[in-house]
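Next comes entry24.csv, a file with CSV, N, CA and C atoms.
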chain,number,residue,atom,x,y,z
A,1,MET,N,0.8,-1.2,0.0
A,1,MET,CA,0.0,0.0,0.0
A,1,MET,C,0.9,1.3,0.0
A,2,ASN,N,2.0,1.2,0.7
A,2,ASN,CA,2.9,2.4,0.7
A,2,ASN,C,3.3,2.8,-0.7
A,3,GLN,N,3.6,1.8,-1.5
A,3,GLN,CA,4.1,2.1,-2.9
A,3,GLN,C,3.0,2.8,-3.7
A,4,VAL,N,1.7,2.3,-3.6
A,4,VAL,CA,0.6,2.9,-4.3
A,4,VAL,C,0.3,4.3,-3.8
A,5,ALA,N,0.3,4.5,-2.4
A,5,ALA,CA,0.1,5.8,-1.9
A,5,ALA,C,1.2,6.8,-2.3
A,6,LEU,N,2.4,6.3,-2.4
A,6,LEU,CA,3.5,7.1,-2.9
A,6,LEU,C,3.3,7.5,-4.4
A,7,GLU,N,2.9,6.6,-5.2
A,7,GLU,CA,2.6,6.8,-6.6
A,7,GLU,C,1.5,7.8,-6.8
A,8,LYS,N,0.4,7.7,-6.0
A,8,LYS,CA,-0.7,8.6,-6.1
A,8,LYS,C,-0.3,10.0,-5.6
A,9,THR,N,0.5,10.1,-4.6
A,9,THR,CA,1.0,11.4,-4.1
A,9,THR,C,1.9,12.1,-5.1
A,10,GLU,N,2.8,11.3,-5.7
A,10,GLU,CA,3.7,11.9,-6.7
A,10,GLU,C,2.9,12.4,-7.9
A,11,LYS,N,1.9,11.6,-8.3
A,11,LYS,CA,1.0,12.0,-9.4
A,11,LYS,C,0.3,13.3,-9.1
A,12,TRP,N,-0.2,13.4,-7.8
A,12,TRP,CA,-0.9,14.6,-7.4
A,12,TRP,C,0.0,15.8,-7.4
A,13,ILE,N,1.2,15.6,-6.9
A,13,ILE,CA,2.2,16.7,-6.9
A,13,ILE,C,2.4,17.2,-8.3
A,14,ARG,N,2.6,16.3,-9.2
A,14,ARG,CA,2.9,16.6,-10.6
A,14,ARG,C,1.6,17.3,-11.3
A,15,ASP,N,0.4,16.7,-11.1
A,15,ASP,CA,-0.8,17.1,-11.8
A,15,ASP,C,-1.5,18.3,-11.1
A,16,VAL,N,-1.4,18.5,-9.8
A,16,VAL,CA,-2.2,19.5,-9.1
A,16,VAL,C,-1.3,20.5,-8.4
A,17,LEU,N,-0.4,20.0,-7.5
A,17,LEU,CA,0.3,21.0,-6.7
A,17,LEU,C,1.2,21.9,-7.5
A,18,ILE,N,2.1,21.3,-8.4
A,18,ILE,CA,3.0,22.1,-9.2
A,18,ILE,C,2.2,23.1,-10.1
A,19,PRO,N,1.2,22.6,-10.8
A,19,PRO,CA,0.5,23.6,-11.7
A,19,PRO,C,-0.2,24.7,-10.9
A,20,CYS,N,-0.8,24.4,-9.7
A,20,CYS,CA,-1.4,25.4,-8.9
A,20,CYS,C,-0.4,26.4,-8.4
A,21,THR,N,0.8,25.9,-7.9
A,21,THR,CA,1.8,26.8,-7.4
A,21,THR,C,2.3,27.7,-8.5
A,22,GLU,N,2.6,27.1,-9.7
A,22,GLU,CA,3.1,27.9,-10.8
A,22,GLU,C,2.2,29.0,-11.3
A,23,SER,N,0.9,28.7,-11.1
A,23,SER,CA,-0.1,29.7,-11.6
A,23,SER,C,-0.8,30.5,-10.5
A,24,ASN,N,-0.2,30.4,-9.3
A,24,ASN,CA,-0.7,31.1,-8.1
A,24,ASN,C,-2.2,30.8,-7.8
A,25,ARG,N,-2.6,29.6,-8.0
A,25,ARG,CA,-4.0,29.2,-7.7
A,25,ARG,C,-4.1,28.4,-6.4
A,26,SER,N,-5.2,28.6,-5.7
A,26,SER,CA,-5.3,27.8,-4.5
A,26,SER,C,-6.1,26.6,-4.7
A,27,PHE,N,-6.1,25.7,-3.7
A,27,PHE,CA,-6.9,24.5,-3.8
A,27,PHE,C,-7.3,24.1,-2.3
A,28,ASP,N,-8.2,23.2,-2.2
A,28,ASP,CA,-8.7,22.7,-0.9
A,28,ASP,C,-7.8,21.5,-0.5
A,29,ILE,N,-6.9,21.6,0.4
A,29,ILE,CA,-5.9,20.6,0.7
A,29,ILE,C,-6.6,19.4,1.3
A,30,SER,N,-7.7,19.6,2.1
A,30,SER,CA,-8.4,18.5,2.7
A,30,SER,C,-9.1,17.6,1.6
A,31,LYS,N,-9.7,18.2,0.6
A,31,LYS,CA,-10.3,17.5,-0.5
A,31,LYS,C,-9.3,16.7,-1.3
A,32,GLU,N,-8.1,17.3,-1.5
A,32,GLU,CA,-7.1,16.7,-2.3
A,32,GLU,C,-6.5,15.5,-1.5
A,33,MET,N,-6.3,15.6,-0.2
A,33,MET,CA,-5.8,14.5,0.6
A,33,MET,C,-6.8,13.3,0.7
A,34,ILE,N,-8.1,13.7,0.8
A,34,ILE,CA,-9.2,12.6,0.7
A,34,ILE,C,-9.1,11.9,-0.6
A,35,SER,N,-8.9,12.7,-1.7
A,35,SER,CA,-8.9,12.1,-3.0
A,35,SER,C,-7.7,11.1,-3.1
A,36,ILE,N,-6.6,11.5,-2.7
A,36,ILE,CA,-5.4,10.6,-2.8
A,36,ILE,C,-5.6,9.4,-1.9
A,37,THR,N,-6.1,9.5,-0.7
A,37,THR,CA,-6.4,8.4,0.2
A,37,THR,C,-7.4,7.4,-0.4
A,38,LEU,N,-8.5,8.0,-0.9
A,38,LEU,CA,-9.5,7.1,-1.5
A,38,LEU,C,-8.9,6.3,-2.7
A,39,GLU,N,-8.1,7.0,-3.5
A,39,GLU,CA,-7.5,6.3,-4.7
A,39,GLU,C,-6.6,5.1,-4.2
A,40,ALA,N,-5.8,5.4,-3.2
A,40,ALA,CA,-4.9,4.4,-2.7
A,40,ALA,C,-5.6,3.2,-2.0
A,41,ILE,N,-6.7,3.5,-1.3
A,41,ILE,CA,-7.5,2.4,-0.6
A,41,ILE,C,-8.2,1.6,-1.7
A,42,CYS,N,-8.8,2.2,-2.6
A,42,CYS,CA,-9.5,1.5,-3.7
A,42,CYS,C,-8.5,0.6,-4.5
A,43,LYS,N,-7.4,1.1,-4.8
A,43,LYS,CA,-6.4,0.3,-5.5
A,43,LYS,C,-5.8,-0.8,-4.7
A,44,THR,N,-5.4,-0.6,-3.5
A,44,THR,CA,-4.7,-1.6,-2.8
A,44,THR,C,-5.7,-2.6,-2.1
A,45,ALA,N,-6.7,-2.1,-1.5
A,45,ALA,CA,-7.6,-2.9,-0.7
A,45,ALA,C,-8.7,-3.6,-1.5
A,46,PHE,N,-9.1,-2.9,-2.6
A,46,PHE,CA,-10.2,-3.4,-3.4
A,46,PHE,C,-9.9,-3.7,-4.8
A,47,GLU,N,-8.6,-3.5,-5.2
A,47,GLU,CA,-8.2,-3.8,-6.6
A,47,GLU,C,-9.1,-3.1,-7.6
A,48,TYR,N,-9.4,-1.8,-7.3
A,48,TYR,CA,-10.3,-1.0,-8.1
A,48,TYR,C,-9.7,0.4,-8.4
A,49,ASP,N,-9.7,0.7,-9.7
A,49,ASP,CA,-9.3,2.1,-10.1
A,49,ASP,C,-10.5,3.0,-10.1
A,50,ILE,N,-10.6,3.8,-9.1
A,50,ILE,CA,-11.7,4.7,-9.0
A,50,ILE,C,-11.6,5.9,-9.9
A,51,SER,N,-12.6,6.3,-10.5
A,51,SER,CA,-12.6,7.5,-11.4
A,51,SER,C,-12.8,8.8,-10.6
A,52,GLU,N,-12.5,9.9,-11.2
A,52,GLU,CA,-12.7,11.2,-10.6
A,52,GLU,C,-14.2,11.4,-10.3
A,53,THR,N,-15.0,11.0,-11.2
A,53,THR,CA,-16.5,11.2,-11.0
A,53,THR,C,-16.9,10.3,-9.8
A,54,GLU,N,-16.4,9.1,-9.7
A,54,GLU,CA,-16.8,8.2,-8.6
A,54,GLU,C,-16.3,8.7,-7.3
A,55,LYS,N,-15.1,9.3,-7.3
A,55,LYS,CA,-14.6,9.9,-6.0
A,55,LYS,C,-15.5,11.1,-5.6
A,56,LEU,N,-15.8,11.9,-6.5
A,56,LEU,CA,-16.7,13.1,-6.2
A,56,LEU,C,-18.0,12.6,-5.7
A,57,ASN,N,-18.6,11.7,-6.4
A,57,ASN,CA,-19.9,11.2,-6.0
A,57,ASN,C,-19.9,10.5,-4.6
A,58,PHE,N,-18.9,9.7,-4.4
A,58,PHE,CA,-18.7,8.9,-3.1
A,58,PHE,C,-18.6,9.9,-1.9
A,59,VAL,N,-17.7,10.9,-2.1
A,59,VAL,CA,-17.4,11.8,-1.0
A,59,VAL,C,-18.6,12.7,-0.8
A,60,GLY,N,-19.3,13.2,-1.8
A,60,GLY,CA,-20.5,14.0,-1.7
A,60,GLY,C,-21.6,13.2,-1.0
A,61,ASN,N,-21.8,12.0,-1.4
A,61,ASN,CA,-22.8,11.1,-0.8
A,61,ASN,C,-22.4,10.9,0.7
A,62,LEU,N,-21.2,10.6,1.0
A,62,LEU,CA,-20.8,10.3,2.3
A,62,LEU,C,-21.0,11.6,3.2
A,63,GLU,N,-20.7,12.7,2.7
A,63,GLU,CA,-21.0,14.0,3.5
A,63,GLU,C,-22.5,14.1,3.8
A,64,LEU,N,-23.3,13.8,2.9
A,64,LEU,CA,-24.8,13.9,3.2
A,64,LEU,C,-25.2,12.9,4.2
A,65,GLN,N,-24.6,11.7,4.1
A,65,GLN,CA,-24.9,10.6,5.1
A,65,GLN,C,-24.5,11.0,6.5
A,66,LEU,N,-23.2,11.4,6.6
A,66,LEU,CA,-22.7,11.7,7.9
A,66,LEU,C,-23.4,12.9,8.6
A,67,LYS,N,-23.8,13.9,7.8
A,67,LYS,CA,-24.5,15.0,8.4
A,67,LYS,C,-25.9,14.5,8.9
A,68,GLU,N,-26.5,13.7,8.2
A,68,GLU,CA,-27.9,13.3,8.6
A,68,GLU,C,-27.8,12.2,9.7
A,69,PHE,N,-27.0,11.2,9.5
A,69,PHE,CA,-27.1,10.0,10.4
A,69,PHE,C,-26.2,10.2,11.7
A,70,LEU,N,-25.2,11.1,11.6
A,70,LEU,CA,-24.4,11.2,12.8
A,70,LEU,C,-24.6,12.5,13.5
A,71,THR,N,-25.4,13.4,13.0
A,71,THR,CA,-25.6,14.6,13.7
A,71,THR,C,-27.1,14.9,13.9
A,72,LYS,N,-27.8,15.0,12.8
A,72,LYS,CA,-29.3,15.4,12.9
A,72,LYS,C,-30.1,14.3,13.5
A,73,SER,N,-29.9,13.0,13.0
A,73,SER,CA,-30.8,11.9,13.5
A,73,SER,C,-30.5,11.6,15.0
A,74,ILE,N,-29.2,11.7,15.4
A,74,ILE,CA,-28.9,11.5,16.8
A,74,ILE,C,-29.5,12.5,17.7
A,75,ASN,N,-29.6,13.7,17.3
A,75,ASN,CA,-30.1,14.8,18.1
A,75,ASN,C,-31.7,14.8,18.0
A,76,ASN,N,-32.2,14.2,17.0
A,76,ASN,CA,-33.7,14.2,16.9
A,76,ASN,C,-34.1,12.8,16.5
A,77,PRO,N,-34.4,11.9,17.4
A,77,PRO,CA,-34.7,10.5,17.1
A,77,PRO,C,-36.0,10.3,16.2
A,78,LEU,N,-36.8,11.3,16.2
A,78,LEU,CA,-38.1,11.3,15.4
A,78,LEU,C,-37.8,11.4,13.9
A,79,ARG,N,-36.6,11.8,13.5
A,79,ARG,CA,-36.3,12.0,12.1
A,79,ARG,C,-36.4,10.7,11.3
A,80,LYS,N,-36.0,9.6,12.0
A,80,LYS,CA,-36.0,8.3,11.2
A,80,LYS,C,-37.4,7.9,10.9
A,81,HIS,N,-38.4,8.3,11.7
A,81,HIS,CA,-39.8,8.0,11.5
A,81,HIS,C,-40.4,8.9,10.5
A,82,LEU,N,-39.8,10.0,10.3
A,82,LEU,CA,-40.4,11.0,9.4
A,82,LEU,C,-39.6,11.2,8.1
A,83,GLY,N,-38.8,10.2,7.8
A,83,GLY,CA,-37.8,10.2,6.8
A,83,GLY,C,-38.2,10.8,5.4
A,84,SER,N,-39.3,10.2,4.9
A,84,SER,CA,-39.8,10.7,3.6
A,84,SER,C,-40.3,12.1,3.5
A,85,TRP,N,-40.6,12.6,4.7
A,85,TRP,CA,-41.2,14.0,4.8
A,85,TRP,C,-40.1,15.0,4.9
A,86,ILE,N,-38.9,14.6,5.2
A,86,ILE,CA,-37.8,15.6,5.5
A,86,ILE,C,-36.8,15.5,4.3
A,87,PRO,N,-36.7,16.5,3.5
A,87,PRO,CA,-35.9,16.5,2.2
A,87,PRO,C,-34.4,16.1,2.5
A,88,ALA,N,-33.8,16.7,3.6
A,88,ALA,CA,-32.4,16.4,3.8
A,88,ALA,C,-32.2,14.9,4.2
A,89,ARG,N,-33.1,14.3,4.9
A,89,ARG,CA,-33.1,12.9,5.2
A,89,ARG,C,-33.3,12.0,4.0
A,90,ARG,N,-34.2,12.4,3.1
A,90,ARG,CA,-34.5,11.7,1.9
A,90,ARG,C,-33.2,11.7,1.0
A,91,ARG,N,-32.5,12.9,0.9
A,91,ARG,CA,-31.3,13.0,0.1
A,91,ARG,C,-30.2,12.1,0.7
A,92,ALA,N,-30.1,12.0,2.1
A,92,ALA,CA,-29.1,11.2,2.7
A,92,ALA,C,-29.4,9.7,2.5
A,93,LEU,N,-30.7,9.3,2.5
A,93,LEU,CA,-31.0,7.9,2.2
A,93,LEU,C,-30.7,7.6,0.8
A,94,ASP,N,-31.0,8.5,-0.2
A,94,ASP,CA,-30.6,8.3,-1.6
A,94,ASP,C,-29.1,8.2,-1.7
A,95,ALA,N,-28.3,9.0,-1.0
A,95,ALA,CA,-26.9,9.0,-1.0
A,95,ALA,C,-26.4,7.6,-0.4
A,96,SER,N,-27.0,7.1,0.6
A,96,SER,CA,-26.6,5.9,1.2
A,96,SER,C,-26.8,4.7,0.1
A,97,ARG,N,-28.0,4.8,-0.5
A,97,ARG,CA,-28.2,3.8,-1.6
A,97,ARG,C,-27.2,3.9,-2.7
A,98,ALA,N,-26.9,5.1,-3.1
A,98,ALA,CA,-25.9,5.3,-4.2
A,98,ALA,C,-24.5,4.7,-3.8
A,99,ASN,N,-24.1,4.9,-2.5
A,99,ASN,CA,-22.8,4.4,-2.1
A,99,ASN,C,-22.8,2.9,-1.9
A,100,SER,N,-24.0,2.4,-1.6
A,100,SER,CA,-24.1,0.9,-1.5
A,100,SER,C,-24.0,0.3,-2.9
A,101,LYS,N,-24.6,1.0,-3.9
A,101,LYS,CA,-24.5,0.5,-5.3
A,101,LYS,C,-23.1,0.6,-5.8
A,102,PHE,N,-22.4,1.6,-5.4
A,102,PHE,CA,-21.0,1.7,-5.7
A,102,PHE,C,-20.1,0.6,-5.1
A,103,ALA,N,-20.4,0.3,-3.9
A,103,ALA,CA,-19.7,-0.8,-3.2
A,103,ALA,C,-19.9,-2.1,-3.9
A,104,LYS,N,-21.2,-2.3,-4.3
A,104,LYS,CA,-21.5,-3.6,-5.1
A,104,LYS,C,-20.8,-3.6,-6.4
A,105,LYS,N,-20.6,-2.4,-7.0
A,105,LYS,CA,-19.9,-2.3,-8.3
A,105,LYS,C,-18.4,-2.8,-8.1
A,106,ILE,N,-17.8,-2.4,-7.0
A,106,ILE,CA,-16.5,-2.8,-6.7
A,106,ILE,C,-16.4,-4.3,-6.5
A,107,ILE,N,-17.4,-4.9,-5.8
A,107,ILE,CA,-17.4,-6.3,-5.6
A,107,ILE,C,-17.5,-7.0,-6.9
A,108,GLN,N,-18.4,-6.5,-7.8
A,108,GLN,CA,-18.6,-7.1,-9.1
A,108,GLN,C,-17.3,-7.0,-9.9
A,109,ASN,N,-16.7,-5.9,-9.8
A,109,ASN,CA,-15.4,-5.7,-10.6
A,109,ASN,C,-14.4,-6.8,-10.1
A,110,TYR,N,-14.3,-7.0,-8.8
A,110,TYR,CA,-13.4,-8.0,-8.2
A,110,TYR,C,-13.8,-9.4,-8.8
A,111,ARG,N,-15.0,-9.7,-8.8
A,111,ARG,CA,-15.4,-11.1,-9.2
A,111,ARG,C,-15.2,-11.3,-10.7
A,112,GLU,N,-15.1,-10.2,-11.5
A,112,GLU,CA,-14.8,-10.3,-12.9
A,112,GLU,C,-13.3,-10.4,-13.2
A,113,ASN,N,-12.5,-10.1,-12.2
A,113,ASN,CA,-11.1,-10.1,-12.3
A,113,ASN,C,-10.6,-11.6,-12.4
A,114,HIS,N,-9.9,-11.9,-13.6
A,114,HIS,CA,-9.5,-13.3,-13.8
A,114,HIS,C,-8.2,-13.6,-13.0
A,115,ASN,N,-7.5,-12.6,-12.5
A,115,ASN,CA,-6.3,-12.9,-11.8
A,115,ASN,C,-6.2,-12.0,-10.5
A,116,PRO,N,-7.2,-12.2,-9.5
A,116,PRO,CA,-7.2,-11.3,-8.4
A,116,PRO,C,-6.0,-11.6,-7.4
A,117,VAL,N,-5.6,-10.6,-6.7
A,117,VAL,CA,-4.5,-10.7,-5.7
A,117,VAL,C,-5.1,-11.4,-4.5
A,118,LYS,N,-4.5,-12.4,-4.0
A,118,LYS,CA,-5.1,-13.1,-2.8
A,118,LYS,C,-4.6,-12.4,-1.6
A,119,GLY,N,-5.5,-12.3,-0.6
A,119,GLY,CA,-5.2,-11.7,0.7
A,119,GLY,C,-5.6,-10.3,0.8
A,120,THR,N,-6.1,-9.7,-0.2
A,120,THR,CA,-6.5,-8.3,-0.1
A,120,THR,C,-7.8,-8.2,0.7
A,121,ILE,N,-8.2,-7.0,1.1
A,121,ILE,CA,-9.4,-6.9,1.8
A,121,ILE,C,-10.6,-7.4,1.0
A,122,ILE,N,-10.7,-7.0,-0.2
A,122,ILE,CA,-11.8,-7.4,-1.1
A,122,ILE,C,-11.8,-8.9,-1.3
A,123,ASP,N,-10.7,-9.5,-1.4
A,123,ASP,CA,-10.6,-11.0,-1.5
A,123,ASP,C,-11.1,-11.7,-0.2
A,124,CYS,N,-10.7,-11.2,0.9
A,124,CYS,CA,-11.2,-11.7,2.2
A,124,CYS,C,-12.7,-11.5,2.4
A,125,LEU,N,-13.2,-10.4,2.0
A,125,LEU,CA,-14.7,-10.1,2.1
A,125,LEU,C,-15.5,-10.9,1.1
A,126,ALA,N,-15.1,-10.9,-0.1
A,126,ALA,CA,-15.8,-11.6,-1.2
A,126,ALA,C,-15.8,-13.1,-1.0
A,127,ASN,N,-14.8,-13.7,-0.4
A,127,ASN,CA,-14.7,-15.1,-0.2
A,127,ASN,C,-15.0,-15.6,1.2
A,128,ASN,N,-15.6,-14.7,2.0
A,128,ASN,CA,-15.9,-15.1,3.4
A,128,ASN,C,-17.3,-15.7,3.4
A,129,PRO,N,-17.4,-17.0,3.8
A,129,PRO,CA,-18.7,-17.7,3.8
A,129,PRO,C,-19.7,-17.2,4.9
A,130,CYS,N,-19.2,-16.3,5.8
A,130,CYS,CA,-20.1,-15.8,6.9
A,130,CYS,C,-21.0,-14.8,6.3
A,131,TYR,N,-20.8,-14.2,5.2
A,131,TYR,CA,-21.7,-13.2,4.6
A,131,TYR,C,-22.7,-13.9,3.7
A,132,ALA,N,-23.9,-13.7,3.9
A,132,ALA,CA,-25.0,-14.4,3.2
A,132,ALA,C,-25.1,-13.9,1.7
A,133,ASN,N,-24.8,-12.5,1.6
A,133,ASN,CA,-24.9,-11.9,0.3
A,133,ASN,C,-24.1,-10.6,0.2
A,134,ASP,N,-24.1,-10.0,-0.9
A,134,ASP,CA,-23.3,-8.8,-1.1
A,134,ASP,C,-23.8,-7.6,-0.2
A,135,ASP,N,-25.1,-7.6,0.1
A,135,ASP,CA,-25.6,-6.5,1.0
A,135,ASP,C,-25.0,-6.5,2.3
A,136,GLU,N,-24.6,-7.7,2.8
A,136,GLU,CA,-23.9,-7.7,4.1
A,136,GLU,C,-22.5,-7.2,4.0
Before anything else, please render the file you have as structure tokens.
Amino acid sequence: MNQVALEKTEKWIRDVLIPCTESNRSFDISKEMISITLEAICKTAFEYDISETEKLNFVGNLELQLKEFLTKSINNPLRKHLGSWIPARRRALDASRANSKFAKKIIQNYRENHNPVKGTIIDCLANNPCYANDDE
């Protein structure tokens, strides 16, 4: 994983940091670090090359989920019962379904791989008989 993270970081330095520095442009360092980390995890743990669109969608969906389920719903337990009536909760539920669909896409990609690396996280998950199905 260290090698992949190093490669992703070097690519980011070459493609983002240097051009922004040379043209005096700013960027959001937290978003950039999340992007690099997500790429490295997907590549090493899941044998999946995540696209820029997938990264943006995943992070955006995750943000909606975290705001709803870890802040708003905890502070107001009635929100879960009124879910379809509250637009923010409805969006968070849609985001949750979208990220689940993305996770299933990663699993399907692994299963279609004719030469998967043994011992990766996705290998252990996909071949674990304790899971009844991909939803688990």
Those of chain A in DSSP alpha helix (DSSP H), formatted as a ChimeraX atom specification: /A:2-12,18-22,29-46,52-67,73-75,87-112,121-126
Using only N, CA and C atoms, which of the listed residues (A:Ile86, A:Ile121, A:Ala5, A:Val59) sits closest to Ala45 in chain A?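 Result for the nearest residue to Ala45 in chain A: A:Ile121.
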Taking only N, CA and C atoms into account, name the residue in A:Ile106, A:Asn2, A:Ile13, A:Ala98 that is nearest to Phe58 in chain A. A:Ala98
In Å, how far is it from atom C of Asn76 in chain A to atom C of Ser100 in chain A?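 A separation of 25.2 Å between them.
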At what distance in Å, to one decimal, does CA of Ser35 in chain A lie from atom C of Ser23 in chain A?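 Going from atom C of Ser23 in chain A over to CA of Ser35 in chain A, I get 21.5 Å.
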Report, in Å with one decimal, the straight-line distance from CA of Glu136 in chain A to CA of Lys105 in chain A.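 Pair CA of Glu136 in chain A / CA of Lys105 in chain A returns 14.1 Å.
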Within 8 Å of range 125-134 of chain A, counting only N, CA and C atoms, which residues show up once you throw out same-chain ones fewer than 4 positions away? Write them as a PyMOL selection string, please. chain A and resi 103-104+107+111+119-121
Could you write range 79-87 of chain A as a short mmCIF file (atom, residue, chain, number, x, y, z; two decimals), in the frame of the given file, with all heavy atoms rebuilt where they are missing?
data_model
loop_
_atom_site.label_atom_id
_atom_site.label_comp_id
_atom_site.auth_asym_id
_atom_site.auth_seq_id
_atom_site.Cartn_x
_atom_site.Cartn_y
_atom_site.Cartn_z
N ARG A 79 -36.60 11.80 13.50
CA ARG A 79 -36.30 12.00 12.10
C ARG A 79 -36.40 10.70 11.30
O ARG A 79 -36.80 10.69 10.18
CB ARG A 79 -34.88 12.61 11.92
CG ARG A 79 -34.83 14.08 12.20
CD ARG A 79 -33.42 14.62 12.00
NE ARG A 79 -33.08 14.78 10.61
CZ ARG A 79 -33.31 15.88 9.89
NH1 ARG A 79 -33.90 16.91 10.45
NH2 ARG A 79 -32.95 15.95 8.64
N LYS A 80 -36.00 9.60 12.00
CA LYS A 80 -36.00 8.30 11.20
C LYS A 80 -37.40 7.90 10.90
O LYS A 80 -37.64 7.20 9.93
CB LYS A 80 -35.22 7.25 11.97
CG LYS A 80 -35.82 6.80 13.27
CD LYS A 80 -34.95 5.71 13.87
CE LYS A 80 -35.46 5.31 15.24
NZ LYS A 80 -34.62 4.34 15.87
N HIS A 81 -38.40 8.30 11.70
CA HIS A 81 -39.80 8.00 11.50
C HIS A 81 -40.40 8.90 10.50
O HIS A 81 -41.47 8.55 9.91
CB HIS A 81 -40.54 7.95 12.78
CG HIS A 81 -39.96 7.01 13.78
ND1 HIS A 81 -39.95 5.64 13.62
CD2 HIS A 81 -39.33 7.25 14.96
CE1 HIS A 81 -39.35 5.08 14.65
NE2 HIS A 81 -38.97 6.03 15.49
N LEU A 82 -39.80 10.00 10.30
CA LEU A 82 -40.40 11.00 9.40
C LEU A 82 -39.60 11.20 8.10
O LEU A 82 -39.71 12.15 7.36
CB LEU A 82 -40.48 12.41 10.06
CG LEU A 82 -41.29 12.48 11.35
CD1 LEU A 82 -41.08 13.82 12.03
CD2 LEU A 82 -42.77 12.24 11.07
N GLY A 83 -38.80 10.20 7.80
CA GLY A 83 -37.80 10.20 6.80
C GLY A 83 -38.20 10.80 5.40
O GLY A 83 -37.60 11.63 4.84
N SER A 84 -39.30 10.20 4.90
CA SER A 84 -39.80 10.70 3.60
C SER A 84 -40.30 12.10 3.50
O SER A 84 -40.43 12.67 2.47
CB SER A 84 -40.79 9.68 3.00
OG SER A 84 -41.95 9.69 3.83
N TRP A 85 -40.60 12.60 4.70
CA TRP A 85 -41.20 14.00 4.80
C TRP A 85 -40.10 15.00 4.90
O TRP A 85 -40.32 16.23 4.71
CB TRP A 85 -42.12 14.10 5.93
CG TRP A 85 -43.32 13.23 5.74
CD1 TRP A 85 -43.49 11.97 6.23
CD2 TRP A 85 -44.48 13.53 4.99
NE1 TRP A 85 -44.70 11.48 5.83
CE2 TRP A 85 -45.34 12.43 5.06
CE3 TRP A 85 -44.90 14.65 4.26
CZ2 TRP A 85 -46.57 12.39 4.43
CZ3 TRP A 85 -46.13 14.61 3.64
CH2 TRP A 85 -46.95 13.49 3.73
N ILE A 86 -38.90 14.60 5.20
CA ILE A 86 -37.80 15.60 5.50
C ILE A 86 -36.80 15.50 4.30
O ILE A 86 -36.13 14.48 4.08
CB ILE A 86 -37.03 15.25 6.78
CG1 ILE A 86 -38.00 15.28 7.95
CG2 ILE A 86 -35.87 16.23 6.99
CD1 ILE A 86 -37.42 14.77 9.25
N PRO A 87 -36.70 16.50 3.50
CA PRO A 87 -35.90 16.50 2.20
C PRO A 87 -34.40 16.10 2.50
O PRO A 87 -33.86 15.33 1.76
CB PRO A 87 -36.02 17.89 1.66
CG PRO A 87 -37.33 18.40 2.17
CD PRO A 87 -37.48 17.79 3.55
#
